[in-house]
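Peer 1: Okay, here's the structure, questions in a sec.
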Amino acid sequence: MAANEHKNLSSANRHNPKDFENATNNTILSKTIGTSATGTDGNLEWKGKAYMGVTNYKMQGYTTGATNYYYGEDIADTKSPYEMAVDYGNSAVASGSLTVTKMFRIGQGVVIPETAEVTSVKGWITSNGSNVVTVAICKVTPTADATAALVPVVIDEIALTGLSSNDKMVAISETTITTSALAAGDIIFPMIKEASGGSTIYMNLTIQTTTF
């Protein structure tokens with residue numbers, strides 16, 4: 001058996017996989033689906049890590065717009081999780097805070113099970129007004145056995161202009177995320193505000209994450 005077989009070469013003498021030099025950063029070598037009955041005729045391809053280990057989190061709700069941010073009702077309310085009628089008391093996320101009780105009972109709050117990264121926010125809003133509507137996707141990082149209020153961190157803020165009709169949808173399509181990193185145990189949730197209050201706003205979106 002030849003001593004120079006590929007398996008016997010040191011790392012310095014092994015070549016990179018096919019197309020490695022041209023592959024974009026943060027990608028993984030994979031194989032396309034192909035068409036054969038055996039499922040083995042696919043081609044090699046470099047695929048973005050965002051397509052590996054993907055998790056999607058759905059968030060949906062409605063509110064009557066106000067200039068302060070509003071978030072979802074307490075889970076004890078019969079209109080939870082969809083009605084977003086709790087006044088955050090501020091128009092800037094960093095200017096306010098949530099008690100542990102309020103934070104923990106937000107009906108739309110989702111606990112992140114593993115260290116992850118937000119890669120996109122996709123979805124739609126409708127508004128029967130023509131004002132700018134801002135959707136904020138926020139996170140808090142709870143601490144066990146602690147009572148201190150928590151200041152949410154903005155994962156991303158998305159500003160959209162209403163089309164004066166709940167029959168007209170406005171697309172949400174975000175791939176440049178302000179604060180993408182999530183820790184295991186973080187809780188994420190949405191908030192909504194309007195440049196000038198009074199419109200009826202509906203939101204339906206999906207947050208996509210991938211593991212590190």
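All residue names refer to the structure tokens as shown: chains lettered A, B, ... in order, residues numbered from 1 in each chain, ligands numbered from 1 in order.
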Write out as a list in words which residues come within 7 Å of stretch 54-59 of chain A when counting only C-alpha atoms, dropping same-chain ones fewer than 6 positions away.
Peer 2: Gln108, Asn204, Leu205, Thr206, Ile207, Gln208, Thr209 and Thr210 of chain A
Peer 1: Skipping near chain neighbours, those fewer than 3 positions away, what residues fall within 10 Å of A:Thr101 using only C-alpha atoms, listed as a ChimeraX atom specification?
Peer 2: /A:74,98,104-106,147,149
Peer 1: Write the residues you've just listed into a file as a compact mmCIF listing (two decimals), in the first residue's frame, and include C-alpha atoms for each of them.
Peer 2:
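Final output, saved to again_22.txt:
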```txt
# COMPACT_ATOMS: atom_id res chain seq x y z
CA ASP A 74 -50.08 39.28 30.32
CA LEU A 98 -39.61 45.63 32.65
CA PHE A 104 -42.05 36.77 32.25
CA ARG A 105 -45.79 37.04 31.52
CA ILE A 106 -45.65 38.59 28.03
CA THR A 147 -35.73 40.61 41.23
CA ALA A 149 -35.96 45.09 36.52
```
Peer 1: Which residues come within 6 Å of stretch 118-128 of chain A, counting only C-alpha atoms, excluding same-chain residues fewer than 4 positions away, as a list of chain:residue names?
Peer 2: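 After dropping sequence-adjacent residues, the list is A:Gly162, A:Ser164, A:Ser165, A:Asn166, A:Met169, A:Val170, A:Ala171, A:Ile172, A:Ser173, A:Glu174, A:Thr175, A:Ser180, A:Ser199, A:Thr200, A:Ile201, A:Tyr202, A:Met203, A:Asn204, A:Leu205, A:Thr206, A:Ile207, A:Gln208, A:Thr209.
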Peer 1: Between atom CA of A:Ala136 and atom CA of A:Tyr88, measure the distance and give it in Å to one decimal.
Peer 2: 12.0 Å
Peer 1: Could you work out how far atom CA of A:Thr134 lies from atom CA of A:Ala195, giving the answer in Å with one decimal?
Peer 2: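 Separation of atom CA of A:Ala195 and atom CA of A:Thr134: 8.1 Å.
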Peer 1: So which residues of stretch 35-141 of chain A fall under helix (DSSP H, G or I) by DSSP, listed as number ranges by chain?
Peer 2: A: 49-51, 93-95, 100-104
Peer 1: Can you tell me which residues surround A:Gly107 at a distance of at most 6 Å, considering only C-alpha atoms, apart from same-chain residues fewer than 5 positions away, and format the answer as a PyMOL selection string?
Peer 2: chain A and resi 72-75+80-81
Peer 1: List the spatial neighbours of stretch 17-28 of chain A as a list of chain:residue names - criterion: any atom at most 9 Å away, only C-alpha atoms, same-chain residues fewer than 4 positions off excluded.
Peer 2: A:Leu44, A:Glu45, A:Trp46, A:Lys47, A:Gly48, A:Lys49, A:Ala50, A:Met52
Peer 1: The selected residues should be written to file as a CSV table (one decimal), in the first residue's frame (atoms: N, CA, C and O atoms).
Peer 2:
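File produced: part22.csv:
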```csv
chain,number,residue,atom,x,y,z
A,44,LEU,N,-21.5,19.0,-5.4
A,44,LEU,CA,-20.9,19.7,-4.2
A,44,LEU,C,-21.3,21.2,-4.3
A,44,LEU,O,-21.3,21.8,-5.4
A,45,GLU,N,-21.7,21.8,-3.2
A,45,GLU,CA,-21.9,23.2,-3.2
A,45,GLU,C,-21.6,23.8,-1.8
A,45,GLU,O,-21.6,23.1,-0.8
A,46,TRP,N,-21.2,25.1,-1.8
A,46,TRP,CA,-21.0,25.8,-0.5
A,46,TRP,C,-22.2,26.5,-0.1
A,46,TRP,O,-22.7,27.4,-0.9
A,47,LYS,N,-22.8,26.2,1.0
A,47,LYS,CA,-24.0,26.7,1.4
A,47,LYS,C,-23.8,27.6,2.7
A,47,LYS,O,-23.1,27.2,3.6
A,48,GLY,N,-24.5,28.7,2.8
A,48,GLY,CA,-24.4,29.6,3.9
A,48,GLY,C,-24.8,28.9,5.2
A,48,GLY,O,-25.7,28.1,5.3
A,49,LYS,N,-24.1,29.2,6.3
A,49,LYS,CA,-24.4,28.6,7.6
A,49,LYS,C,-25.8,28.9,8.1
A,49,LYS,O,-26.3,28.1,8.9
A,50,ALA,N,-26.4,30.0,7.6
A,50,ALA,CA,-27.7,30.3,8.0
A,50,ALA,C,-28.7,29.3,7.6
A,50,ALA,O,-29.8,29.2,8.1
A,52,MET,N,-28.1,26.0,7.9
A,52,MET,CA,-27.8,24.8,8.7
A,52,MET,C,-28.3,25.1,10.2
A,52,MET,O,-28.0,26.1,10.8
```
Peer 1: In Å to one decimal, how far is atom CA of A:Asp77 from atom CA of A:Phe189?
Peer 2: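 Atom-to-atom, atom CA of A:Phe189 and atom CA of A:Asp77 are spaced 16.9 Å apart.
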